[in-house]
Structures are given as C-alpha cells and as structure tokens.
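Peer 1: Quick one: structure below, then a few questions.
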Amino acid sequence: MPSPGDRRERNEALRLFIAAAVALLLLIVVVGFGFHYLGEMGDADPFSAGIGLKTAALISFGVSFVAILIMAVVSGGDAIFGELPFTIAGFLIFFVIFWLMIAWIF
C-alpha cells in the first residue's frame, strides 16, 4: 500500500509532467509563429526600412519566453515555483534587450 509520501511524490511528478507538456505546446506555438514571420520576411526588399518595433517586440517575446522556459526546466523544479521574481525579472531583461537589438539589427 502506498504511503502518503509516495502519493505526494506521485502528485508532484504529475504536476511537473503537466507543466512540461503545457510548456512544450507553447513552444510549438511560438515556433509556428516564428516560421510565419520568417516566411513574410523572405519576400522583403533587403534595403527596406526594416521590421519595426512592433514586429521586433513579437519576435522578442517568443525568444525571451523560450530562453526563460529552457532555463527554468533545466534548473529543476526549484526555479519554476521558488524563484518566480527572479524568473520574471530575467524575462523582462531578456525581452528588452532582444527587442531593441532585433529592431536595431533588422
């Protein structure tokens, strides 16, 4: 008969599995939107004005989300729940840096 500790560990494993599945689905959606934007940029004139701040913000959101998601999953279960303020701050820093660099370069 399973002990209460076994049941708790099984529930925690189930929650982490569901979180990983949701994260994988979100990653697939972000990659799909990325391919959509890359397909649109292939027809552009190389000397055009660029992609602009709005499009750069959308691309930066996807890149930042994937980077923070990978770092949270690789670090283990502690970073997902225990260090949420640092994860949010890291996301915002990544977002601003990627947003401005993408808008500047492209």
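We name chains A, B, ... following the order of the structure tokens; residues begin at 1 in each chain, and ligands are numbered from 1 as shown.
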Any idea what's packed within 12 Å of Val96 in chain A, counting only C-alpha atoms, ignoring anything in its chain fewer than 2 positions away? Could you give it as a list in words?

Peer 2: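 Residues near the query, excluding close chain neighbours: Leu53, Ala56, Ala57, Leu58, Ile59, Ser60, Phe61, Val63, Ser64, Ala89, Gly90, Phe91, Leu92, Ile93, Phe94, Phe98, Trp99, Leu100, Met101, Ile102 and Ala103 of chain A.
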
Peer 1: Selected residues, N, CA and C atoms, written as an mmCIF file, in the first residue's frame, please.

Peer 2:
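This went into out_17.cif:
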data_model
loop_
_atom_site.group_PDB
_atom_site.id
_atom_site.type_symbol
_atom_site.label_atom_id
_atom_site.label_comp_id
_atom_site.auth_asym_id
_atom_site.auth_seq_id
_atom_site.Cartn_x
_atom_site.Cartn_y
_atom_site.Cartn_z
ATOM 1 N N LEU A 53 9.434 48.262 -34.575
ATOM 2 C CA LEU A 53 9.410 47.929 -33.162
ATOM 3 C C LEU A 53 8.294 46.947 -32.808
ATOM 4 N N ALA A 56 9.379 43.473 -33.940
ATOM 5 C CA ALA A 56 10.523 43.087 -33.109
ATOM 6 C C ALA A 56 10.072 42.710 -31.702
ATOM 7 N N ALA A 57 9.034 43.388 -31.192
ATOM 8 C CA ALA A 57 8.520 43.051 -29.866
ATOM 9 C C ALA A 57 7.886 41.668 -29.859
ATOM 10 N N LEU A 58 7.163 41.318 -30.916
ATOM 11 C CA LEU A 58 6.558 39.986 -31.000
ATOM 12 C C LEU A 58 7.623 38.896 -31.081
ATOM 13 N N ILE A 59 8.625 39.103 -31.906
ATOM 14 C CA ILE A 59 9.705 38.127 -32.026
ATOM 15 C C ILE A 59 10.474 38.029 -30.722
ATOM 16 N N SER A 60 10.732 39.166 -30.095
ATOM 17 C CA SER A 60 11.464 39.183 -28.830
ATOM 18 C C SER A 60 10.712 38.473 -27.729
ATOM 19 N N PHE A 61 9.398 38.600 -27.702
ATOM 20 C CA PHE A 61 8.603 37.887 -26.705
ATOM 21 C C PHE A 61 8.780 36.385 -26.846
ATOM 22 N N VAL A 63 11.291 34.713 -28.308
ATOM 23 C CA VAL A 63 12.670 34.321 -27.992
ATOM 24 C C VAL A 63 12.901 34.364 -26.486
ATOM 25 N N SER A 64 12.427 35.406 -25.821
ATOM 26 C CA SER A 64 12.612 35.522 -24.376
ATOM 27 C C SER A 64 11.860 34.434 -23.631
ATOM 28 N N ALA A 89 11.949 38.869 -13.593
ATOM 29 C CA ALA A 89 12.920 39.934 -13.874
ATOM 30 C C ALA A 89 13.840 39.542 -15.023
ATOM 31 N N GLY A 90 14.275 38.285 -15.049
ATOM 32 C CA GLY A 90 15.115 37.815 -16.149
ATOM 33 C C GLY A 90 14.384 37.857 -17.475
ATOM 34 N N PHE A 91 13.096 37.486 -17.465
ATOM 35 C CA PHE A 91 12.312 37.553 -18.693
ATOM 36 C C PHE A 91 12.232 38.993 -19.203
ATOM 37 N N LEU A 92 11.951 39.924 -18.306
ATOM 38 C CA LEU A 92 11.823 41.321 -18.736
ATOM 39 C C LEU A 92 13.140 41.875 -19.259
ATOM 40 N N ILE A 93 14.247 41.512 -18.616
ATOM 41 C CA ILE A 93 15.561 41.969 -19.098
ATOM 42 C C ILE A 93 15.847 41.375 -20.475
ATOM 43 N N PHE A 94 15.609 40.061 -20.632
ATOM 44 C CA PHE A 94 15.801 39.439 -21.938
ATOM 45 C C PHE A 94 14.911 40.097 -22.983
ATOM 46 N N PHE A 98 16.518 41.830 -26.238
ATOM 47 C CA PHE A 98 16.233 41.226 -27.535
ATOM 48 C C PHE A 98 15.389 42.144 -28.407
ATOM 49 N N TRP A 99 14.416 42.832 -27.798
ATOM 50 C CA TRP A 99 13.537 43.726 -28.555
ATOM 51 C C TRP A 99 14.334 44.833 -29.225
ATOM 52 N N LEU A 100 15.174 45.491 -28.477
ATOM 53 C CA LEU A 100 15.931 46.610 -29.046
ATOM 54 C C LEU A 100 16.996 46.129 -30.021
ATOM 55 N N MET A 101 17.639 45.006 -29.739
ATOM 56 C CA MET A 101 18.656 44.508 -30.655
ATOM 57 C C MET A 101 18.052 44.007 -31.963
ATOM 58 N N ILE A 102 16.909 43.337 -31.897
ATOM 59 C CA ILE A 102 16.264 42.878 -33.134
ATOM 60 C C ILE A 102 15.796 44.064 -33.957
ATOM 61 N N ALA A 103 15.213 45.059 -33.314
ATOM 62 C CA ALA A 103 14.751 46.244 -34.050
ATOM 63 C C ALA A 103 15.935 47.005 -34.648
#

Peer 1: Could you jot down the CA of Val66 in chain A to CA of Phe106 in chain A separation for me, Å, one decimal place?

Peer 2: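 It comes out at 20.3 Å.
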
Peer 1: Please determine, counting only C-alpha atoms, which residue among A:Phe65, A:Phe17, A:Trp104, A:Phe35 has the shortest atom-to-atom distance to Ile88 in chain A.

Peer 2: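 Using only C-alpha atoms, the shortest distance to Ile88 in chain A belongs to A:Phe65.
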
Peer 1: Could you tell me how far CA of Glu83 in chain A sits from CA of Ala23 in chain A, in Å to one decimal place?

Peer 2: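 If I compute the distance from CA of Ala23 in chain A to CA of Glu83 in chain A, I get 17.6 Å.
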
Peer 1: What does the structure give for the distance between CA of Ala20 in chain A and CA of Phe33 in chain A, in Å to one decimal?

Peer 2: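 Computing it gives 19.9 Å between the two atoms.
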